[in-house]
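Q: My structure file start.pdb, PDB, C-alpha atoms, is below:
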MODEL        1
ATOM      1  CA  MET S 113     -27.653   7.389   4.103
ATOM      2  CA  SER S 114     -26.474   4.449   2.004
ATOM      3  CA  PHE S 115     -23.013   4.959   3.509
ATOM      4  CA  LEU S 116     -24.453   4.629   7.023
ATOM      5  CA  ARG S 117     -26.412   1.550   5.998
ATOM      6  CA  SER S 118     -23.248   0.028   4.504
ATOM      7  CA  ALA S 119     -21.369   0.806   7.719
ATOM      8  CA  GLY S 120     -24.162  -0.747   9.824
ATOM      9  CA  GLU S 121     -24.218  -3.870   7.660
ATOM     10  CA  ALA S 122     -20.421  -4.027   7.799
ATOM     11  CA  VAL S 123     -20.451  -3.877  11.610
ATOM     12  CA  ILE S 124     -23.033  -6.681  11.886
ATOM     13  CA  GLY S 125     -21.207  -8.613   9.167
ATOM     14  CA  LEU S 126     -18.055  -8.551  11.296
ATOM     15  CA  PHE S 127     -19.668 -10.990  13.713
ATOM     16  CA  VAL S 128     -22.463 -12.707  11.837
ATOM     17  CA  GLY S 129     -21.998 -14.666   8.634
ATOM     18  CA  ASP S 130     -24.727 -17.220   9.275
ATOM     19  CA  TRP S 131     -27.403 -16.257  11.830
ATOM     20  CA  VAL S 132     -28.058 -19.880  12.793
ATOM     21  CA  GLN S 133     -24.373 -20.540  13.464
ATOM     22  CA  SER S 134     -24.081 -17.345  15.521
ATOM     23  CA  ALA S 135     -27.151 -18.340  17.550
ATOM     24  CA  VAL S 136     -25.661 -21.795  18.167
ATOM     25  CA  VAL S 137     -22.351 -20.248  19.328
ATOM     26  CA  LEU S 138     -24.237 -17.950  21.731
ATOM     27  CA  LEU S 139     -26.243 -20.917  23.039
ATOM     28  CA  ILE S 140     -23.035 -22.895  23.613
ATOM     29  CA  LEU S 141     -21.544 -19.930  25.497
ATOM     30  CA  ALA S 142     -24.700 -19.535  27.624
ATOM     31  CA  ALA S 143     -24.663 -23.240  28.466
ATOM     32  CA  GLY S 144     -20.918 -22.982  29.117
ATOM     33  CA  TRP S 145     -21.464 -20.084  31.505
ATOM     34  CA  PHE S 146     -24.021 -22.136  33.434
ATOM     35  CA  ALA S 147     -21.746 -25.199  33.489
ATOM     36  CA  VAL S 148     -18.633 -23.235  34.495
ATOM     37  CA  SER S 149     -20.474 -21.676  37.439
ATOM     38  CA  ARG S 150     -21.477 -25.181  38.639
ATOM     39  CA  LEU S 151     -18.506 -27.353  37.669
ATOM     40  CA  GLY S 152     -15.599 -24.931  37.292
ATOM     41  CA  ALA S 153     -12.643 -25.615  34.984
ATOM     42  CA  PRO S 154     -13.674 -29.156  33.863
ATOM     43  CA  ALA S 155     -16.630 -27.592  32.030
ATOM     44  CA  LEU S 156     -14.140 -25.761  29.808
ATOM     45  CA  VAL S 157     -13.253 -29.030  28.070
ATOM     46  CA  VAL S 158     -16.869 -29.526  26.982
ATOM     47  CA  LEU S 159     -17.203 -25.844  26.043
ATOM     48  CA  VAL S 160     -14.157 -25.953  23.740
ATOM     49  CA  ALA S 161     -15.192 -29.317  22.263
ATOM     50  CA  LEU S 162     -18.651 -27.943  21.414
ATOM     51  CA  LEU S 163     -17.219 -24.768  19.869
ATOM     52  CA  ALA S 164     -14.741 -26.769  17.760
ATOM     53  CA  GLY S 165     -17.497 -29.244  16.835
ATOM     54  CA  GLN S 166     -19.856 -26.560  15.577
ATOM     55  CA  LEU S 167     -17.052 -25.196  13.359
ATOM     56  CA  VAL S 168     -16.743 -28.602  11.643
ATOM     57  CA  TRP S 169     -20.522 -29.069  11.450
ATOM     58  CA  PHE S 170     -21.364 -25.689   9.915
ATOM     59  CA  ALA S 171     -18.452 -25.732   7.450
ATOM     60  CA  ARG S 172     -19.551 -29.169   6.242
ATOM     61  CA  ALA S 173     -23.187 -28.082   6.044
ATOM     62  CA  GLU S 174     -22.306 -25.041   3.931
ATOM     63  CA  ALA S 175     -20.122 -27.166   1.651
ATOM     64  CA  ARG S 176     -23.072 -29.522   1.128
ATOM     65  CA  ARG S 177     -25.415 -26.604   0.445
ATOM     66  CA  SER S 178     -23.134 -25.010  -2.118
ATOM     67  CA  LYS S 179     -22.571 -28.395  -3.799
ATOM     68  CA  ARG S 180     -26.332 -28.756  -4.200
ATOM     69  CA  LEU S 181     -26.630 -25.228  -5.624
ATOM     70  CA  ARG S 182     -23.659 -25.631  -8.001
ATOM     71  CA  PRO S 183     -24.719 -26.731 -11.525
ATOM     72  CA  GLN S 184     -23.605 -30.247 -12.483
ATOM     73  CA  SER S 185     -20.794 -30.475 -15.072
ATOM     74  CA  PRO S 186     -21.909 -31.967 -18.403
ATOM     75  CA  SER S 187     -19.309 -34.808 -18.339
TER
ATOM     76  CA  MET O 267       6.011 -10.674  27.586
ATOM     77  CA  TYR O 268       4.415 -13.693  25.893
ATOM     78  CA  GLN O 269       1.017 -11.999  26.148
ATOM     79  CA  THR O 270       2.338  -8.746  24.640
ATOM     80  CA  VAL O 271       3.921 -10.571  21.701
ATOM     81  CA  LEU O 272       0.700 -12.491  21.029
ATOM     82  CA  VAL O 273      -1.443  -9.336  21.199
ATOM     83  CA  PHE O 274       0.978  -7.399  18.970
ATOM     84  CA  GLY O 275       1.206 -10.267  16.470
ATOM     85  CA  ALA O 276      -2.570 -10.809  16.254
ATOM     86  CA  ALA O 277      -3.211  -7.073  15.796
ATOM     87  CA  PHE O 278      -0.411  -6.777  13.212
ATOM     88  CA  LEU O 279      -1.477  -9.746  11.066
ATOM     89  CA  GLY O 280      -5.205  -8.979  11.216
ATOM     90  CA  SER O 281      -4.614  -5.318  10.386
ATOM     91  CA  ALA O 282      -2.198  -6.198   7.565
ATOM     92  CA  VAL O 283      -4.862  -8.290   5.817
ATOM     93  CA  GLU O 284      -7.505  -5.561   6.041
ATOM     94  CA  SER O 285      -5.030  -2.805   5.109
ATOM     95  CA  THR O 286      -4.079  -4.753   1.976
ATOM     96  CA  GLU O 287      -7.737  -4.836   0.922
ATOM     97  CA  ALA O 288      -8.145  -1.096   1.625
ATOM     98  CA  LEU O 289      -4.950  -0.336  -0.336
ATOM     99  CA  THR O 290      -6.342  -2.144  -3.390
ATOM    100  CA  ILE O 291      -9.370   0.185  -3.427
ATOM    101  CA  VAL O 292      -7.271   3.355  -2.970
ATOM    102  CA  LEU O 293      -4.822   2.262  -5.700
ATOM    103  CA  ALA O 294      -7.654   1.457  -8.111
ATOM    104  CA  VAL O 295      -9.208   4.905  -7.580
ATOM    105  CA  GLY O 296      -5.896   6.790  -7.571
ATOM    106  CA  LEU O 297      -4.448   5.187 -10.694
ATOM    107  CA  THR O 298      -7.651   5.665 -12.721
ATOM    108  CA  ARG O 299      -8.966   9.047 -11.515
ATOM    109  CA  GLY O 300      -5.972  10.878 -10.021
ATOM    110  CA  TRP O 301      -4.636  10.922  -6.471
ATOM    111  CA  ARG O 302      -6.039  14.043  -4.788
ATOM    112  CA  ALA O 303      -9.595  12.830  -4.072
ATOM    113  CA  PRO O 304      -8.749   9.265  -2.944
ATOM    114  CA  LEU O 305      -5.968  10.517  -0.673
ATOM    115  CA  LEU O 306      -8.350  13.025   0.929
ATOM    116  CA  GLY O 307     -10.954  10.251   1.303
ATOM    117  CA  THR O 308      -8.345   7.990   2.899
ATOM    118  CA  LEU O 309      -7.292  10.758   5.288
ATOM    119  CA  ALA O 310     -10.919  11.444   6.308
ATOM    120  CA  ALA O 311     -11.491   7.717   6.918
ATOM    121  CA  LEU O 312      -8.296   7.422   9.001
ATOM    122  CA  VAL O 313      -9.325  10.404  11.158
ATOM    123  CA  ALA O 314     -12.784   8.849  11.730
ATOM    124  CA  LEU O 315     -11.192   5.510  12.624
ATOM    125  CA  ALA O 316      -8.691   7.159  15.001
ATOM    126  CA  VAL O 317     -11.593   8.888  16.794
ATOM    127  CA  LEU O 318     -13.335   5.507  17.146
ATOM    128  CA  VAL O 319     -10.193   3.876  18.584
ATOM    129  CA  ILE O 320      -9.598   6.699  21.076
ATOM    130  CA  PHE O 321     -13.262   6.957  22.112
ATOM    131  CA  PHE O 322     -14.074   3.251  22.414
ATOM    132  CA  GLY O 323     -10.580   2.339  23.638
ATOM    133  CA  GLN O 324     -10.872   4.788  26.545
ATOM    134  CA  LEU O 325     -14.493   3.850  27.229
ATOM    135  CA  ILE O 326     -13.678   0.157  27.344
ATOM    136  CA  VAL O 327     -10.543   0.444  29.446
ATOM    137  CA  THR O 328     -11.895   2.933  31.985
ATOM    138  CA  ARG O 329     -15.666   2.329  32.288
ATOM    139  CA  ILE O 330     -16.488  -1.356  31.909
ATOM    140  CA  PRO O 331     -15.737  -3.803  34.762
ATOM    141  CA  GLU O 332     -13.065  -6.313  33.787
ATOM    142  CA  GLY O 333     -15.230  -9.443  34.101
ATOM    143  CA  ALA O 334     -18.061  -8.046  31.966
ATOM    144  CA  LEU O 335     -15.546  -6.685  29.468
ATOM    145  CA  LYS O 336     -13.857 -10.075  29.061
ATOM    146  CA  LEU O 337     -17.186 -11.813  28.516
ATOM    147  CA  LEU O 338     -18.455  -9.217  26.030
ATOM    148  CA  VAL O 339     -15.254  -8.781  24.039
ATOM    149  CA  GLY O 340     -14.471 -12.510  24.255
ATOM    150  CA  THR O 341     -17.888 -13.363  22.799
ATOM    151  CA  LEU O 342     -17.555 -10.802  19.994
ATOM    152  CA  LEU O 343     -13.983 -11.900  19.288
ATOM    153  CA  LEU O 344     -15.095 -15.527  19.165
ATOM    154  CA  LEU O 345     -17.885 -14.727  16.681
ATOM    155  CA  PHE O 346     -15.489 -12.607  14.618
ATOM    156  CA  GLY O 347     -12.697 -15.209  14.627
ATOM    157  CA  LEU O 348     -15.062 -18.081  13.846
ATOM    158  CA  ARG O 349     -16.380 -16.161  10.850
ATOM    159  CA  TRP O 350     -12.839 -15.812   9.461
ATOM    160  CA  LEU O 351     -12.027 -19.433  10.288
ATOM    161  CA  HIS O 352     -15.249 -20.718   8.705
ATOM    162  CA  LYS O 353     -14.446 -18.827   5.507
ATOM    163  CA  ALA O 354     -10.827 -20.020   5.580
ATOM    164  CA  VAL O 355     -11.988 -23.640   5.863
ATOM    165  CA  LEU O 356     -14.321 -23.235   2.874
ATOM    166  CA  ARG O 357     -11.585 -21.531   0.849
ATOM    167  CA  SER O 358      -9.000 -24.184   1.711
ATOM    168  CA  ALA O 359     -11.470 -26.922   0.777
ATOM    169  CA  GLY O 360     -12.164 -25.251  -2.572
ATOM    170  CA  VAL O 361     -15.842 -24.530  -1.815
ATOM    171  CA  VAL O 362     -15.377 -20.745  -1.973
ATOM    172  CA  ASP O 363     -12.979 -18.934  -4.311
ATOM    173  CA  LYS O 364      -9.858 -17.542  -2.678
ATOM    174  CA  HIS O 365      -9.626 -13.779  -2.269
ATOM    175  CA  ASP O 366      -7.713 -12.314  -5.200
ATOM    176  CA  GLU O 367      -6.412  -8.718  -4.919
ATOM    177  CA  ASP O 368      -5.757  -8.508  -8.682
ATOM    178  CA  LEU O 369      -9.372  -9.419  -9.400
ATOM    179  CA  ALA O 370     -10.663  -6.990  -6.728
ATOM    180  CA  TYR O 371      -8.497  -4.279  -8.306
ATOM    181  CA  ARG O 372      -9.799  -4.965 -11.825
ATOM    182  CA  ASN O 373     -13.412  -4.957 -10.602
ATOM    183  CA  THR O 374     -12.968  -1.568  -8.907
ATOM    184  CA  VAL O 375     -11.220  -0.089 -11.948
ATOM    185  CA  SER O 376     -14.023  -1.265 -14.244
ATOM    186  CA  GLN O 377     -16.539   0.645 -12.078
ATOM    187  CA  LEU O 378     -14.586   3.886 -12.584
ATOM    188  CA  GLN O 379     -14.647   5.449 -15.998
ATOM    189  CA  GLY O 380     -12.318   8.227 -17.066
ATOM    190  CA  ALA O 381     -10.515  10.861 -15.071
ATOM    191  CA  ALA O 382     -12.629  13.377 -13.201
ATOM    192  CA  ALA O 383     -12.487  17.116 -13.698
ATOM    193  CA  GLY O 384     -12.646  19.487 -10.724
ATOM    194  CA  ARG O 385     -13.694  17.962  -7.408
ATOM    195  CA  ASP O 386     -13.911  14.208  -7.762
ATOM    196  CA  TRP O 387     -16.591  13.210  -5.258
ATOM    197  CA  VAL O 388     -16.836   9.663  -6.615
ATOM    198  CA  GLY O 389     -13.124   9.059  -6.011
ATOM    199  CA  PHE O 390     -13.337  10.691  -2.583
ATOM    200  CA  VAL O 391     -16.370   8.689  -1.420
ATOM    201  CA  LEU O 392     -15.096   5.394  -2.840
ATOM    202  CA  ALA O 393     -11.764   5.718  -1.029
ATOM    203  CA  LEU O 394     -13.453   6.970   2.165
ATOM    204  CA  LYS O 395     -15.950   4.101   2.147
ATOM    205  CA  GLY O 396     -13.361   1.447   1.299
ATOM    206  CA  VAL O 397     -10.813   2.543   3.894
ATOM    207  CA  PHE O 398     -13.466   3.164   6.577
ATOM    208  CA  LEU O 399     -15.239  -0.181   6.142
ATOM    209  CA  GLU O 400     -12.018  -2.216   5.966
ATOM    210  CA  GLY O 401     -10.648  -0.073   8.804
ATOM    211  CA  LEU O 402     -13.625  -0.955  11.032
ATOM    212  CA  GLU O 403     -12.291  -4.503  11.154
ATOM    213  CA  VAL O 404      -8.842  -3.176  12.077
ATOM    214  CA  VAL O 405     -10.388  -1.042  14.846
ATOM    215  CA  PHE O 406     -12.326  -3.998  16.218
ATOM    216  CA  ILE O 407      -9.292  -6.285  16.159
ATOM    217  CA  VAL O 408      -7.090  -3.675  17.868
ATOM    218  CA  ILE O 409      -9.630  -2.807  20.577
ATOM    219  CA  ALA O 410     -10.765  -6.395  21.195
ATOM    220  CA  VAL O 411      -7.282  -7.895  21.220
ATOM    221  CA  GLY O 412      -5.732  -5.118  23.296
ATOM    222  CA  GLY O 413      -8.596  -3.888  25.446
ATOM    223  CA  THR O 414      -9.135  -6.935  27.641
ATOM    224  CA  GLY O 415      -5.574  -7.918  28.466
ATOM    225  CA  ARG O 416      -4.354  -4.390  29.215
ATOM    226  CA  GLY O 417      -2.380  -4.687  26.014
ATOM    227  CA  LEU O 418      -3.958  -1.778  24.156
ATOM    228  CA  PRO O 419      -0.603  -0.017  23.449
ATOM    229  CA  ALA O 420       0.837  -3.234  21.943
ATOM    230  CA  ALA O 421      -2.327  -3.801  19.881
ATOM    231  CA  VAL O 422      -2.396  -0.185  18.640
ATOM    232  CA  ALA O 423       1.316  -0.438  17.762
ATOM    233  CA  GLY O 424       0.700  -3.681  15.854
ATOM    234  CA  GLY O 425      -2.234  -2.188  13.949
ATOM    235  CA  LEU O 426      -0.397   1.033  13.104
ATOM    236  CA  LEU O 427       2.774  -0.766  12.034
ATOM    237  CA  ALA O 428       0.748  -3.033   9.728
ATOM    238  CA  MET O 429      -0.940  -0.020   8.105
ATOM    239  CA  VAL O 430       2.395   1.755   7.617
ATOM    240  CA  VAL O 431       4.094  -1.353   6.167
ATOM    241  CA  VAL O 432       1.222  -1.978   3.729
ATOM    242  CA  ALA O 433       1.044   1.712   2.737
ATOM    243  CA  VAL O 434       4.808   1.893   2.096
ATOM    244  CA  ALA O 435       4.676  -1.336   0.078
ATOM    245  CA  GLY O 436       1.789   0.126  -1.943
ATOM    246  CA  VAL O 437       3.700   3.346  -2.661
ATOM    247  CA  VAL O 438       6.771   1.351  -3.738
ATOM    248  CA  VAL O 439       5.105  -1.192  -6.042
ATOM    249  CA  ARG O 440       2.126   0.979  -7.130
ATOM    250  CA  ARG O 441      -0.071  -2.064  -7.766
ATOM    251  CA  PRO O 442      -2.221  -4.393  -5.647
ATOM    252  CA  LEU O 443      -0.251  -6.506  -3.185
ATOM    253  CA  ALA O 444      -1.382  -9.761  -4.758
ATOM    254  CA  ARG O 445       1.632 -11.607  -3.333
ATOM    255  CA  VAL O 446       0.560 -11.066   0.266
ATOM    256  CA  PRO O 447      -0.699 -14.526   1.309
ATOM    257  CA  GLU O 448      -4.024 -13.067   2.434
ATOM    258  CA  ASN O 449      -5.924 -16.345   2.597
ATOM    259  CA  THR O 450      -3.244 -18.014   4.724
ATOM    260  CA  LEU O 451      -2.991 -14.949   6.962
ATOM    261  CA  LYS O 452      -6.769 -14.857   7.447
ATOM    262  CA  TYR O 453      -6.693 -18.554   8.342
ATOM    263  CA  ALA O 454      -3.936 -18.008  10.935
ATOM    264  CA  VAL O 455      -5.549 -14.873  12.379
ATOM    265  CA  GLY O 456      -8.921 -16.664  12.483
ATOM    266  CA  VAL O 457      -7.370 -19.413  14.638
ATOM    267  CA  VAL O 458      -5.671 -16.884  16.957
ATOM    268  CA  LEU O 459      -8.745 -14.649  17.370
ATOM    269  CA  THR O 460     -11.044 -17.625  17.975
ATOM    270  CA  SER O 461      -8.628 -18.902  20.635
ATOM    271  CA  LEU O 462      -8.324 -15.474  22.291
ATOM    272  CA  GLY O 463     -12.114 -15.049  22.192
ATOM    273  CA  THR O 464     -12.686 -18.442  23.843
ATOM    274  CA  PHE O 465     -10.053 -17.670  26.483
ATOM    275  CA  TRP O 466     -11.509 -14.294  27.426
ATOM    276  CA  ALA O 467     -15.167 -15.339  27.231
ATOM    277  CA  ALA O 468     -14.480 -18.211  29.646
ATOM    278  CA  GLU O 469     -12.503 -15.929  31.974
ATOM    279  CA  GLY O 470     -15.444 -13.515  31.894
ATOM    280  CA  MET O 471     -17.655 -16.420  33.019
ATOM    281  CA  GLY O 472     -15.404 -16.784  36.048
ATOM    282  CA  ALA O 473     -13.344 -19.768  34.878
ATOM    283  CA  SER O 474      -9.580 -20.019  35.414
ATOM    284  CA  TRP O 475      -7.576 -21.638  32.648
ATOM    285  CA  PRO O 476      -4.835 -24.100  33.546
ATOM    286  CA  LEU O 477      -1.420 -22.466  32.774
ATOM    287  CA  ASP O 478      -3.239 -19.126  32.347
ATOM    288  CA  PHE O 479      -2.331 -17.328  29.090
ATOM    289  CA  VAL O 480      -0.297 -20.280  27.769
ATOM    290  CA  SER O 481      -3.511 -22.269  27.364
ATOM    291  CA  ILE O 482      -4.309 -20.055  24.365
ATOM    292  CA  LEU O 483      -1.696 -22.102  22.489
ATOM    293  CA  GLY O 484      -3.601 -25.273  23.363
ATOM    294  CA  LEU O 485      -6.846 -23.678  22.173
ATOM    295  CA  ALA O 486      -5.163 -22.680  18.906
ATOM    296  CA  VAL O 487      -4.026 -26.283  18.370
ATOM    297  CA  ILE O 488      -7.573 -27.569  18.985
ATOM    298  CA  TYR O 489      -9.201 -25.056  16.607
ATOM    299  CA  PHE O 490      -6.554 -25.673  13.964
ATOM    300  CA  ALA O 491      -7.116 -29.431  14.239
ATOM    301  CA  ALA O 492     -10.900 -28.932  13.999
ATOM    302  CA  SER O 493     -10.487 -26.773  10.892
ATOM    303  CA  ARG O 494      -8.218 -29.383   9.220
ATOM    304  CA  LEU O 495     -10.768 -32.069  10.092
ATOM    305  CA  ALA O 496     -13.516 -29.969   8.488
ATOM    306  CA  ILE O 497     -11.405 -29.469   5.344
ATOM    307  CA  ALA O 498     -10.628 -33.204   5.127
ATOM    308  CA  MET O 499     -14.303 -34.124   5.551
ATOM    309  CA  ILE O 500     -15.415 -31.620   2.893
ATOM    310  CA  ARG O 501     -12.778 -32.870   0.452
ATOM    311  CA  ARG O 502     -13.805 -36.513   0.850
ATOM    312  CA  PRO O 503     -14.997 -37.995  -2.499
ATOM    313  CA  ALA O 504     -18.577 -38.349  -1.230
ATOM    314  CA  LEU O 505     -18.803 -34.551  -1.057
ATOM    315  CA  ALA O 506     -16.603 -33.659  -4.022
TER
ENDMDL
END
Please express what this file holds, its structure, as structure tokens.
A:
Amino acid sequence: MSFLRSAGEAVIGLFVGDWVQSAVVLLILAAGWFAVSRLGAPALVVLVALLAGQLVWFARAEARRSKRLRPQSPS
Amino acid sequence: MYQTVLVFGAAFLGSAVESTEALTIVLAVGLTRGWRAPLLGTLAALVALAVLVIFFGQLIVTRIPEGALKLLVGTLLLLFGLRWLHKAVLRSAGVVDKHDEDLAYRNTVSQLQGAAAGRDWVGFVLALKGVFLEGLEVVFIVIAVGGTGRGLPAAVAGGLLAMVVVAVAGVVVRRPLARVPENTLKYAVGVVLTSLGTFWAAEGMGASWPLDFVSILGLAVIYFAASRLAIAMIRRPALA
């Protein structure tokens, strides 16, 4: 049973590290789908820019979070 | 040709990273408790993984319409690649410790005490679990990378070759492959998978990329630049 649970968690963990980030990526894709159907290829530029932007944003946010959680050095 | 090389390369590199991690677990069990049980566990895991590849590979290629398949697999590949890339950025910026096979090996060995007599279920299950869970990532990479572009044979060949190369290296050196630049490989594969995922997801939406498959190179450049920007921003003194 624990093996199956580990396997299930491993499968979800393949795609989701941070639920908020995953939700944002899915929202960007949904908006991109809508935009591509209306505007065609030019919408791809915005789609890629948003996906690259969220990478920078979430990496920075996690770095800030872990800095806050890390104990201060005594120096 | 270009597409086949890219698919083969992505499957090979991604599978090599995961195979290295699986090898560390098998070596730790084999060198501390004997080889019979971990080798049987590895074999059982490989059979289960092969069944998954054959079943889902066939299902994907034959049953799902191409547009829906590209959107689904592209989305999953994008989420998967971004997860690797996100972690690679944090590792490169020094926020998260880099993956260390020697440390992983020592941790596994410390969990195992003494050689087992008779049937060693602990060794069997540990190897089975380790190889199966790491292998799931290999299966996903192979199916996702090869399934959408009709490049499944190239992806399967890349994945299999990576497993064989890592296994042979493990047999030869008989210790964890700590010299494999896993963190750099994960960074590179993260960029490639994110680019492939974006390409296929957009094609699944009905978009046509300028220059077709070659635009994946452009996407890789953009994601690489974004990741370097993230690393530079995290390393700035205000955040250090």
Q: Return as a list of chain:residue names the residues belonging to chain S that are within 6 Å of chain O, counting all atoms listed in the file.
A: S:Leu126, S:Phe127, S:Trp145, S:Ala153, S:Ala164, S:Val168, S:Arg172
Q: Take the point (-21.2, -24.4, 25.6) in the file's coordinates, draw a sphere of radius 8 Å around it, and report as a VMD selection string every protein, DNA or RNA residue with an atom inside or on it, counting only C-alpha atoms.
A: chain S and resid 137 139 to 145 147 158 to 160 162 to 163
Q: So the first atom is CA of Thr328 (chain O) and the second is CA of Val422 (chain O); what is the distance between them in Å, to one decimal place?
A: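 Pair CA of Thr328 (chain O) / CA of Val422 (chain O) returns 16.7 Å.
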Q: Would you please work out which residue, of O:Leu426, O:Ala435, O:Leu312, O:Ala334, is nearest to Ile407 (chain O) when using all atoms listed in the file?
A: O:Leu426
Q: Could you state the separation of CA of Phe390 (chain O) and CA of Ala421 (chain O) in Å, given to one decimal place?
A: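 If I compute the distance from CA of Phe390 (chain O) to CA of Ala421 (chain O), I get 28.9 Å.
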Q: If you measure from CA of Lys336 (chain O) to CA of Trp466 (chain O), what distance in Å do you get, rounded to one decimal?
A: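 For CA of Lys336 (chain O) relative to CA of Trp466 (chain O), the distance reads 5.1 Å.
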Q: Using the chain letters and numbers from the file, which residues does the PyMOL selection byres ((chain O and resi 452) around 8) grab, as a PDB file with C-alpha atoms, in the frame of the given file?
A:
ATOM      1  CA  GLY O 280      -5.205  -8.979  11.216  1.00  0.00           C
ATOM      2  CA  VAL O 283      -4.862  -8.290   5.817  1.00  0.00           C
ATOM      3  CA  TRP O 350     -12.839 -15.812   9.461  1.00  0.00           C
ATOM      4  CA  LEU O 351     -12.027 -19.433  10.288  1.00  0.00           C
ATOM      5  CA  ALA O 354     -10.827 -20.020   5.580  1.00  0.00           C
ATOM      6  CA  GLU O 448      -4.024 -13.067   2.434  1.00  0.00           C
ATOM      7  CA  ASN O 449      -5.924 -16.345   2.597  1.00  0.00           C
ATOM      8  CA  THR O 450      -3.244 -18.014   4.724  1.00  0.00           C
ATOM      9  CA  LEU O 451      -2.991 -14.949   6.962  1.00  0.00           C
ATOM     10  CA  TYR O 453      -6.693 -18.554   8.342  1.00  0.00           C
ATOM     11  CA  ALA O 454      -3.936 -18.008  10.935  1.00  0.00           C
ATOM     12  CA  VAL O 455      -5.549 -14.873  12.379  1.00  0.00           C
ATOM     13  CA  GLY O 456      -8.921 -16.664  12.483  1.00  0.00           C
TER      14      GLY O 456
END
Q: Care to translate the PyMOL selection byres ((chain O and resi 299-304) around 9) into actual residues of this file, as a ChimeraX atom specification?
A: /O:292-298,305-309,378-382,385-394
Q: Could you pull out every residue with an atom within 12 Å of (-22.1, 3.2, 9.7), file coordinates, counting only C-alpha atoms, and send them as an NGL selection string?
A: (:S and (113-125)) or (:O and (311 or 314-315 or 318 or 395 or 398-399 or 401-402))
Q: Using the chain letters and numbers from the file, which residues does the PyMOL selection byres ((chain O and resi 289) around 10) grab, as a ChimeraX atom specification?
A: /O:284-288,290-295,308,367,371,393,396-397,400,429,432-433,435-437,440-443
Q: Could the centre and edge lengths of an axis-aligned box, enclosing all atoms of region 116-130 of chain S in the file with 3 Å extra on each side, be given in Å to one decimal as JSON?
A:
{"center_x": -22.2, "center_y": -6.3, "center_z": 9.1, "size_x": 14.4, "size_y": 27.8, "size_z": 15.2}
